[in-house]
file input20.csv (CSV, N, CA and C atoms and all ligand atoms)
chain,number,residue,atom,x,y,z
A,23,MET,N,-82.0,-102.8,-45.2
A,23,MET,CA,-80.6,-102.5,-45.1
A,23,MET,C,-79.9,-103.7,-44.4
A,24,LEU,N,-79.8,-104.8,-45.1
A,24,LEU,CA,-79.2,-106.0,-44.4
A,24,LEU,C,-77.7,-106.0,-44.6
A,25,GLU,N,-77.2,-105.1,-45.5
A,25,GLU,CA,-75.8,-105.1,-45.8
A,25,GLU,C,-75.1,-104.1,-45.0
A,26,LYS,N,-73.9,-104.4,-44.5
A,26,LYS,CA,-73.0,-103.5,-43.7
A,26,LYS,C,-71.8,-103.1,-44.6
A,27,ILE,N,-71.3,-101.9,-44.3
A,27,ILE,CA,-70.2,-101.5,-45.0
A,27,ILE,C,-68.9,-102.0,-44.4
A,28,CYS,N,-68.0,-102.5,-45.2
A,28,CYS,CA,-66.7,-103.0,-44.8
A,28,CYS,C,-65.8,-101.8,-44.4
A,29,PRO,N,-65.2,-101.8,-43.2
A,29,PRO,CA,-64.4,-100.7,-42.8
A,29,PRO,C,-63.1,-100.6,-43.5
A,30,TRP,N,-62.7,-101.7,-44.2
A,30,TRP,CA,-61.4,-101.7,-44.9
A,30,TRP,C,-61.5,-101.2,-46.3
A,31,CYS,N,-62.6,-101.7,-47.0
A,31,CYS,CA,-62.6,-101.4,-48.5
A,31,CYS,C,-63.9,-100.7,-48.9
A,32,SER,N,-64.8,-100.4,-47.9
A,32,SER,CA,-66.1,-99.7,-48.1
A,32,SER,C,-67.1,-100.4,-49.0
A,33,GLU,N,-66.9,-101.7,-49.3
A,33,GLU,CA,-67.9,-102.5,-50.0
A,33,GLU,C,-68.9,-103.0,-49.1
A,34,PRO,N,-70.2,-103.0,-49.5
A,34,PRO,CA,-71.3,-103.5,-48.7
A,34,PRO,C,-71.3,-105.1,-48.7
A,35,ALA,N,-71.5,-105.7,-47.6
A,35,ALA,CA,-71.5,-107.1,-47.5
A,35,ALA,C,-72.5,-107.5,-46.4
A,36,SER,N,-73.3,-108.6,-46.6
A,36,SER,CA,-74.1,-109.0,-45.5
A,36,SER,C,-73.4,-110.0,-44.7
A,37,VAL,N,-73.9,-110.2,-43.5
A,37,VAL,CA,-73.2,-111.1,-42.5
A,37,VAL,C,-73.0,-112.5,-43.0
A,38,ASN,N,-73.9,-113.0,-43.8
A,38,ASN,CA,-73.7,-114.4,-44.2
A,38,ASN,C,-72.8,-114.5,-45.4
A,39,GLN,N,-72.3,-113.4,-45.9
A,39,GLN,CA,-71.3,-113.4,-47.0
A,39,GLN,C,-69.9,-113.5,-46.4
A,40,LEU,N,-69.8,-113.2,-45.2
A,40,LEU,CA,-68.5,-113.1,-44.6
A,40,LEU,C,-67.8,-114.5,-44.6
A,41,GLY,N,-66.5,-114.4,-44.9
A,41,GLY,CA,-65.7,-115.7,-44.8
A,41,GLY,C,-65.1,-115.8,-43.4
A,42,ARG,N,-64.5,-117.0,-43.3
A,42,ARG,CA,-63.8,-117.2,-42.0
A,42,ARG,C,-62.4,-117.7,-42.3
A,43,ARG,N,-61.5,-117.2,-41.5
A,43,ARG,CA,-60.2,-117.8,-41.6
A,43,ARG,C,-59.6,-117.8,-40.2
A,44,PRO,N,-58.6,-118.7,-40.0
A,44,PRO,CA,-58.0,-118.8,-38.7
A,44,PRO,C,-57.2,-117.6,-38.3
A,45,LEU,N,-57.2,-117.2,-37.0
A,45,LEU,CA,-56.4,-116.2,-36.5
A,45,LEU,C,-54.9,-116.5,-36.8
A,46,GLN,N,-54.2,-115.4,-37.2
A,46,GLN,CA,-52.8,-115.7,-37.5
A,46,GLN,C,-51.9,-115.7,-36.2
A,47,LYS,N,-52.3,-114.8,-35.3
A,47,LYS,CA,-51.5,-114.7,-34.0
A,47,LYS,C,-52.0,-115.8,-33.1
A,48,SER,N,-51.1,-116.1,-32.2
A,48,SER,CA,-51.5,-117.1,-31.2
A,48,SER,C,-52.6,-116.6,-30.2
A,49,LEU,N,-53.4,-117.4,-29.7
A,49,LEU,CA,-54.5,-117.0,-28.9
A,49,LEU,C,-54.1,-116.5,-27.5
A,50,LYS,N,-54.8,-115.4,-27.1
A,50,LYS,CA,-54.7,-115.0,-25.7
A,50,LYS,C,-55.7,-115.9,-24.9
A,51,TRP,N,-55.5,-115.9,-23.6
A,51,TRP,CA,-56.4,-116.7,-22.8
A,51,TRP,C,-57.9,-116.3,-22.9
A,52,TYR,N,-58.1,-115.0,-23.2
A,52,TYR,CA,-59.5,-114.5,-23.2
A,52,TYR,C,-60.1,-114.6,-24.6
A,53,GLN,N,-59.4,-115.1,-25.6
A,53,GLN,CA,-60.0,-115.2,-26.9
A,53,GLN,C,-60.7,-116.6,-27.1
A,54,PHE,N,-62.0,-116.5,-27.4
A,54,PHE,CA,-62.8,-117.7,-27.5
A,54,PHE,C,-62.6,-118.5,-28.8
A,55,SER,N,-62.4,-117.8,-29.9
A,55,SER,CA,-62.5,-118.4,-31.2
A,55,SER,C,-61.1,-118.4,-31.9
A,56,ARG,N,-60.9,-119.4,-32.6
A,56,ARG,CA,-59.7,-119.5,-33.4
A,56,ARG,C,-59.9,-118.9,-34.8
A,57,ASN,N,-61.2,-118.6,-35.1
A,57,ASN,CA,-61.5,-118.0,-36.4
A,57,ASN,C,-61.9,-116.6,-36.3
A,58,VAL,N,-61.6,-115.8,-37.4
A,58,VAL,CA,-62.0,-114.5,-37.5
A,58,VAL,C,-62.9,-114.3,-38.7
A,59,GLN,N,-63.9,-113.4,-38.7
A,59,GLN,CA,-64.7,-113.2,-39.9
A,59,GLN,C,-64.1,-112.2,-40.8
A,60,VAL,N,-64.1,-112.5,-42.1
A,60,VAL,CA,-63.4,-111.7,-43.0
A,60,VAL,C,-64.3,-111.2,-44.1
A,61,CYS,N,-64.1,-110.0,-44.6
A,61,CYS,CA,-64.8,-109.4,-45.7
A,61,CYS,C,-64.6,-110.2,-47.0
A,62,PRO,N,-65.7,-110.5,-47.7
A,62,PRO,CA,-65.6,-111.3,-49.0
A,62,PRO,C,-64.9,-110.6,-50.1
A,63,TYR,N,-64.7,-109.3,-50.0
A,63,TYR,CA,-64.1,-108.5,-51.1
A,63,TYR,C,-62.6,-108.3,-50.9
A,64,CYS,N,-62.2,-107.9,-49.6
A,64,CYS,CA,-60.8,-107.6,-49.4
A,64,CYS,C,-60.2,-108.5,-48.4
A,65,ALA,N,-60.9,-109.4,-47.8
A,65,ALA,CA,-60.4,-110.4,-46.8
A,65,ALA,C,-59.9,-109.7,-45.5
A,66,GLY,N,-60.3,-108.4,-45.3
A,66,GLY,CA,-60.0,-107.7,-44.1
A,66,GLY,C,-60.8,-108.3,-42.9
A,67,PRO,N,-60.2,-108.5,-41.8
A,67,PRO,CA,-61.0,-109.1,-40.7
A,67,PRO,C,-62.0,-108.1,-40.1
A,68,VAL,N,-63.2,-108.5,-39.9
A,68,VAL,CA,-64.3,-107.6,-39.3
A,68,VAL,C,-65.0,-108.3,-38.3
A,69,LYS,N,-65.7,-107.5,-37.4
A,69,LYS,CA,-66.7,-108.0,-36.5
A,69,LYS,C,-67.9,-107.1,-36.4
A,70,LEU,N,-69.0,-107.6,-36.0
A,70,LEU,CA,-70.2,-106.8,-35.8
A,70,LEU,C,-70.1,-106.0,-34.5
A,71,GLY,N,-70.3,-104.7,-34.6
A,71,GLY,CA,-70.1,-103.9,-33.4
A,71,GLY,C,-71.0,-102.7,-33.4
A,72,GLY,N,-70.5,-101.6,-33.0
A,72,GLY,CA,-71.2,-100.4,-32.9
A,72,GLY,C,-72.1,-100.3,-31.7
A,73,LYS,N,-73.2,-99.6,-31.8
A,73,LYS,CA,-74.1,-99.4,-30.6
A,73,LYS,C,-75.1,-100.5,-30.4
A,74,ALA,N,-74.9,-101.6,-31.1
A,74,ALA,CA,-75.9,-102.7,-31.1
A,74,ALA,C,-76.1,-103.2,-29.7
A,75,ALA,N,-75.1,-103.3,-28.9
A,75,ALA,CA,-75.2,-103.9,-27.6
A,75,ALA,C,-76.2,-103.2,-26.7
A,76,TRP,N,-76.4,-101.9,-26.9
A,76,TRP,CA,-77.3,-101.1,-26.1
A,76,TRP,C,-78.8,-101.6,-26.3
A,77,PHE,N,-79.1,-102.1,-27.5
A,77,PHE,CA,-80.4,-102.6,-27.7
A,77,PHE,C,-80.8,-103.8,-27.0
A,78,MET,N,-79.7,-104.5,-26.5
A,78,MET,CA,-80.0,-105.7,-25.7
A,78,MET,C,-80.8,-105.4,-24.4
A,79,VAL,N,-80.7,-104.1,-24.0
A,79,VAL,CA,-81.4,-103.7,-22.8
A,79,VAL,C,-82.9,-103.9,-23.0
A,80,LEU,N,-83.4,-103.7,-24.2
A,80,LEU,CA,-84.8,-103.8,-24.5
A,80,LEU,C,-85.3,-105.3,-24.4
A,81,ALA,N,-84.3,-106.2,-24.7
A,81,ALA,CA,-84.7,-107.6,-24.6
A,81,ALA,C,-84.7,-108.2,-23.2
A,82,LEU,N,-84.2,-107.4,-22.3
A,82,LEU,CA,-84.1,-107.9,-20.9
A,82,LEU,C,-85.4,-108.4,-20.3
A,83,PRO,N,-86.6,-107.6,-20.4
A,83,PRO,CA,-87.8,-108.2,-19.8
A,83,PRO,C,-88.1,-109.6,-20.2
A,84,ALA,N,-88.1,-109.8,-21.5
A,84,ALA,CA,-88.5,-111.2,-22.0
A,84,ALA,C,-87.4,-112.2,-21.6
A,85,PHE,N,-86.2,-111.8,-21.6
A,85,PHE,CA,-85.1,-112.7,-21.2
A,85,PHE,C,-85.2,-113.0,-19.7
A,86,LEU,N,-85.5,-112.0,-18.9
A,86,LEU,CA,-85.6,-112.3,-17.4
A,86,LEU,C,-86.8,-113.1,-17.1
A,87,SER,N,-87.9,-112.9,-17.8
A,87,SER,CA,-89.1,-113.6,-17.5
A,87,SER,C,-88.9,-115.1,-17.9
A,88,PHE,N,-88.1,-115.3,-18.9
A,88,PHE,CA,-87.8,-116.7,-19.3
A,88,PHE,C,-86.9,-117.3,-18.2
A,89,LEU,N,-85.9,-116.6,-17.7
A,89,LEU,CA,-85.1,-117.1,-16.7
A,89,LEU,C,-85.8,-117.4,-15.4
A,90,THR,N,-86.6,-116.4,-14.9
A,90,THR,CA,-87.3,-116.6,-13.6
A,90,THR,C,-88.3,-117.8,-13.7
A,91,GLU,N,-89.0,-117.9,-14.9
A,91,GLU,CA,-89.9,-119.0,-15.1
A,91,GLU,C,-89.2,-120.3,-15.0
A,92,ALA,N,-88.0,-120.4,-15.7
A,92,ALA,CA,-87.2,-121.6,-15.7
A,92,ALA,C,-86.7,-122.0,-14.3
A,93,PHE,N,-86.3,-121.0,-13.5
A,93,PHE,CA,-85.6,-121.4,-12.2
A,93,PHE,C,-86.6,-121.3,-11.0
A,94,ILE,N,-87.5,-120.4,-11.0
A,94,ILE,CA,-88.3,-120.3,-9.8
A,94,ILE,C,-89.8,-120.5,-10.2
A,95,GLY,N,-90.1,-120.7,-11.4
A,95,GLY,CA,-91.5,-121.0,-11.8
A,95,GLY,C,-92.4,-119.8,-11.8
A,96,PHE,N,-91.8,-118.6,-11.7
A,96,PHE,CA,-92.7,-117.4,-11.7
A,96,PHE,C,-92.4,-116.5,-12.9
A,97,ASN,N,-93.4,-116.2,-13.6
A,97,ASN,CA,-93.2,-115.4,-14.8
A,97,ASN,C,-93.8,-114.0,-14.5
A,98,PHE,N,-92.9,-113.0,-14.3
A,98,PHE,CA,-93.5,-111.7,-13.9
A,98,PHE,C,-94.2,-111.0,-15.0
A,99,LEU,N,-93.8,-111.3,-16.3
A,99,LEU,CA,-94.5,-110.7,-17.4
A,99,LEU,C,-96.0,-111.1,-17.4
A,100,GLU,N,-96.2,-112.4,-17.1
A,100,GLU,CA,-97.5,-113.0,-17.1
A,100,GLU,C,-98.3,-112.5,-15.9
A,101,ALA,N,-97.6,-112.3,-14.8
A,101,ALA,CA,-98.2,-111.8,-13.6
A,101,ALA,C,-98.7,-110.4,-13.8
A,102,MET,N,-98.0,-109.6,-14.6
A,102,MET,CA,-98.4,-108.2,-14.8
A,102,MET,C,-99.3,-108.1,-16.1
A,103,GLY,N,-99.5,-109.2,-16.8
A,103,GLY,CA,-100.3,-109.2,-18.0
A,103,GLY,C,-99.6,-108.5,-19.2
A,104,THR,N,-98.2,-108.6,-19.2
A,104,THR,CA,-97.5,-107.9,-20.2
A,104,THR,C,-96.6,-108.8,-21.1
A,105,THR,N,-97.1,-110.1,-21.1
A,105,THR,CA,-96.3,-111.0,-21.9
A,105,THR,C,-96.1,-110.6,-23.3
A,106,THR,N,-97.2,-110.2,-24.0
A,106,THR,CA,-97.1,-109.8,-25.4
A,106,THR,C,-96.1,-108.6,-25.6
A,107,ILE,N,-96.2,-107.6,-24.7
A,107,ILE,CA,-95.4,-106.4,-24.8
A,107,ILE,C,-93.9,-106.9,-24.6
A,108,GLY,N,-93.6,-107.7,-23.7
A,108,GLY,CA,-92.3,-108.2,-23.4
A,108,GLY,C,-91.7,-108.8,-24.6
A,109,TRP,N,-92.4,-109.7,-25.3
A,109,TRP,CA,-91.9,-110.5,-26.4
A,109,TRP,C,-91.9,-109.6,-27.7
A,110,ALA,N,-92.8,-108.6,-27.8
A,110,ALA,CA,-92.8,-107.7,-28.9
A,110,ALA,C,-91.5,-106.8,-28.8
A,111,LEU,N,-91.2,-106.4,-27.6
A,111,LEU,CA,-89.9,-105.6,-27.4
A,111,LEU,C,-88.8,-106.5,-27.8
A,112,PHE,N,-88.8,-107.7,-27.4
A,112,PHE,CA,-87.7,-108.7,-27.8
A,112,PHE,C,-87.5,-108.8,-29.3
A,113,ALA,N,-88.6,-108.9,-30.0
A,113,ALA,CA,-88.6,-109.1,-31.5
A,113,ALA,C,-88.1,-107.8,-32.1
A,114,ILE,N,-88.6,-106.6,-31.7
A,114,ILE,CA,-88.2,-105.3,-32.2
A,114,ILE,C,-86.7,-105.2,-32.0
A,115,ASP,N,-86.3,-105.6,-30.8
A,115,ASP,CA,-84.9,-105.4,-30.3
A,115,ASP,C,-83.9,-106.2,-31.2
A,116,CYS,N,-84.3,-107.4,-31.6
A,116,CYS,CA,-83.4,-108.2,-32.4
A,116,CYS,C,-83.2,-107.5,-33.8
A,117,ALA,N,-84.3,-107.0,-34.3
A,117,ALA,CA,-84.2,-106.3,-35.6
A,117,ALA,C,-83.4,-105.0,-35.5
A,118,ALA,N,-83.7,-104.3,-34.4
A,118,ALA,CA,-83.0,-103.0,-34.2
A,118,ALA,C,-81.5,-103.2,-34.0
A,119,ALA,N,-81.2,-104.2,-33.2
A,119,ALA,CA,-79.8,-104.4,-32.9
A,119,ALA,C,-79.0,-104.7,-34.2
A,120,TYR,N,-79.6,-105.5,-35.1
A,120,TYR,CA,-79.0,-105.8,-36.3
A,120,TYR,C,-78.9,-104.6,-37.2
A,121,TYR,N,-80.0,-103.8,-37.3
A,121,TYR,CA,-80.0,-102.7,-38.1
A,121,TYR,C,-78.9,-101.6,-37.8
A,122,PHE,N,-78.7,-101.5,-36.5
A,122,PHE,CA,-77.8,-100.4,-36.0
A,122,PHE,C,-76.3,-101.0,-35.9
A,123,ALA,N,-76.2,-102.3,-36.1
A,123,ALA,CA,-74.8,-102.8,-36.0
A,123,ALA,C,-74.0,-102.4,-37.2
A,124,VAL,N,-72.7,-102.2,-37.0
A,124,VAL,CA,-71.8,-101.9,-38.1
A,124,VAL,C,-70.6,-102.8,-38.0
A,125,PHE,N,-69.9,-103.0,-39.1
A,125,PHE,CA,-68.7,-103.8,-39.1
A,125,PHE,C,-67.6,-102.9,-38.6
A,126,GLU,N,-66.9,-103.5,-37.7
A,126,GLU,CA,-65.7,-102.9,-37.1
A,126,GLU,C,-64.4,-103.6,-37.5
A,127,LYS,N,-63.3,-102.9,-37.6
A,127,LYS,CA,-62.1,-103.6,-37.9
A,127,LYS,C,-61.6,-104.4,-36.7
A,128,VAL,N,-61.1,-105.6,-37.0
A,128,VAL,CA,-60.5,-106.4,-36.0
A,128,VAL,C,-59.0,-106.1,-36.1
A,129,GLU,N,-58.5,-105.5,-35.0
A,129,GLU,CA,-57.1,-105.0,-35.1
A,129,GLU,C,-56.1,-106.1,-34.8
A,130,ASN,N,-56.4,-107.0,-33.8
A,130,ASN,CA,-55.4,-108.0,-33.4
A,130,ASN,C,-55.5,-109.2,-34.2
A,131,ARG,N,-55.3,-109.1,-35.5
A,131,ARG,CA,-55.5,-110.3,-36.4
A,131,ARG,C,-54.2,-111.2,-36.3
A,201,ZN,ZN,-63.6,-105.3,-47.4

call {"tool": "encode", "arguments": {"input": "input20.csv", "output": "structure tokens"}}
result
Amino acid sequence: MLEKICPWCSEPASVNQLGRRPLQKSLKWYQFSRNVQVCPYCAGPVKLGGKAAWFMVLALPAFLSFLTEAFIGFNFLEAMGTTTIGWALFAIDCAAAYYFAVFEKVENR
């Protein structure tokens, strides 16, 4: 199930089918991008959202071990003998986050 349903026209589209177009309104200081992703069928602006962010919690052990090894040279996953588990969680997490993500309408276009 790599395709997500467009909230504007209910057509399924995968993320790499999305088009891009510049934002029509002027940027607020907190907006990073001048582009918005748009549905290939109806050109409605969408973003990936939903509960996907919660799955990032599963990726934390692998991410933290990477950080601590980079900065203080200590890998706690290795110290506990759980490197494989940490990275397996990370891989599962990436797939799960995408699976549970949904397209949301971008309101401030
Ligand atoms: Zn659409």

call {"tool": "closest_residue", "arguments": {"input": "input20.csv", "among": "A:Ala118, A:Pro83, A:Ile27, A:Val60", "to": "A:Gln39", "atoms": "only N, CA and C atoms"}}
result
A:Val60

call {"tool": "residues_near_point", "arguments": {"input": "input20.csv", "point": "(-84.8, -107.4, -25.8)", "cutoff": "8 Å", "atoms": "all atoms listed in the file", "output": "list in words"}}
result
Phe77, Met78, Val79, Leu80, Ala81, Leu82, Pro83, Ala84, Phe85, Gly108, Trp109, Ala110, Leu111, Phe112, Ala113, Ile114, Asp115 and Cys116 of chain A

call {"tool": "atom_distance", "arguments": {"input": "input20.csv", "atom1": "atom N of A:Val124", "atom2": "atom CA of A:Gly71"}}
result
4.8 Å

call {"tool": "residues_near_ligand", "arguments": {"input": "input20.csv", "ligand": "ligand ZN 201 (chain A)", "cutoff": "6 Å", "atoms": "all atoms listed in the file", "output": "tab-separated table (two decimals) with N, CA and C atoms, in the frame of the given file"}}
result
chain	number	residue	atom	x	y	z
A	28	CYS	N	-68.00	-102.50	-45.20
A	28	CYS	CA	-66.70	-103.00	-44.80
A	28	CYS	C	-65.80	-101.80	-44.40
A	29	PRO	N	-65.20	-101.80	-43.20
A	29	PRO	CA	-64.40	-100.70	-42.80
A	29	PRO	C	-63.10	-100.60	-43.50
A	30	TRP	N	-62.70	-101.70	-44.20
A	30	TRP	CA	-61.40	-101.70	-44.90
A	30	TRP	C	-61.50	-101.20	-46.30
A	31	CYS	N	-62.60	-101.70	-47.00
A	31	CYS	CA	-62.60	-101.40	-48.50
A	31	CYS	C	-63.90	-100.70	-48.90
A	32	SER	N	-64.80	-100.40	-47.90
A	32	SER	CA	-66.10	-99.70	-48.10
A	32	SER	C	-67.10	-100.40	-49.00
A	33	GLU	N	-66.90	-101.70	-49.30
A	33	GLU	CA	-67.90	-102.50	-50.00
A	33	GLU	C	-68.90	-103.00	-49.10
A	61	CYS	N	-64.10	-110.00	-44.60
A	61	CYS	CA	-64.80	-109.40	-45.70
A	61	CYS	C	-64.60	-110.20	-47.00
A	62	PRO	N	-65.70	-110.50	-47.70
A	62	PRO	CA	-65.60	-111.30	-49.00
A	62	PRO	C	-64.90	-110.60	-50.10
A	63	TYR	N	-64.70	-109.30	-50.00
A	63	TYR	CA	-64.10	-108.50	-51.10
A	63	TYR	C	-62.60	-108.30	-50.90
A	64	CYS	N	-62.20	-107.90	-49.60
A	64	CYS	CA	-60.80	-107.60	-49.40
A	64	CYS	C	-60.20	-108.50	-48.40
A	65	ALA	N	-60.90	-109.40	-47.80
A	65	ALA	CA	-60.40	-110.40	-46.80
A	65	ALA	C	-59.90	-109.70	-45.50
A	66	GLY	N	-60.30	-108.40	-45.30
A	66	GLY	CA	-60.00	-107.70	-44.10
A	66	GLY	C	-60.80	-108.30	-42.90

call {"tool": "atom_distance", "arguments": {"input": "input20.csv", "atom1": "atom CA of A:Leu89", "atom2": "atom CA of A:Val37"}}
result
29.0 Å

call {"tool": "closest_residue", "arguments": {"input": "input20.csv", "among": "A:Leu99, A:Phe88, A:Lys127, A:Pro44", "to": "A:Leu70", "atoms": "all atoms listed in the file"}}
result
A:Lys127

call {"tool": "select_by_dssp", "arguments": {"input": "input20.csv", "residues": "chain A", "states": "helix (DSSP H, G or I)", "output": "MDAnalysis selection string"}}
result
chainID A and resid 37:39 73:94 98:101 105:122

call {"tool": "atom_distance", "arguments": {"input": "input20.csv", "atom1": "atom CA of A:Val68", "atom2": "atom CA of A:Ala117"}}
result
20.3 Å
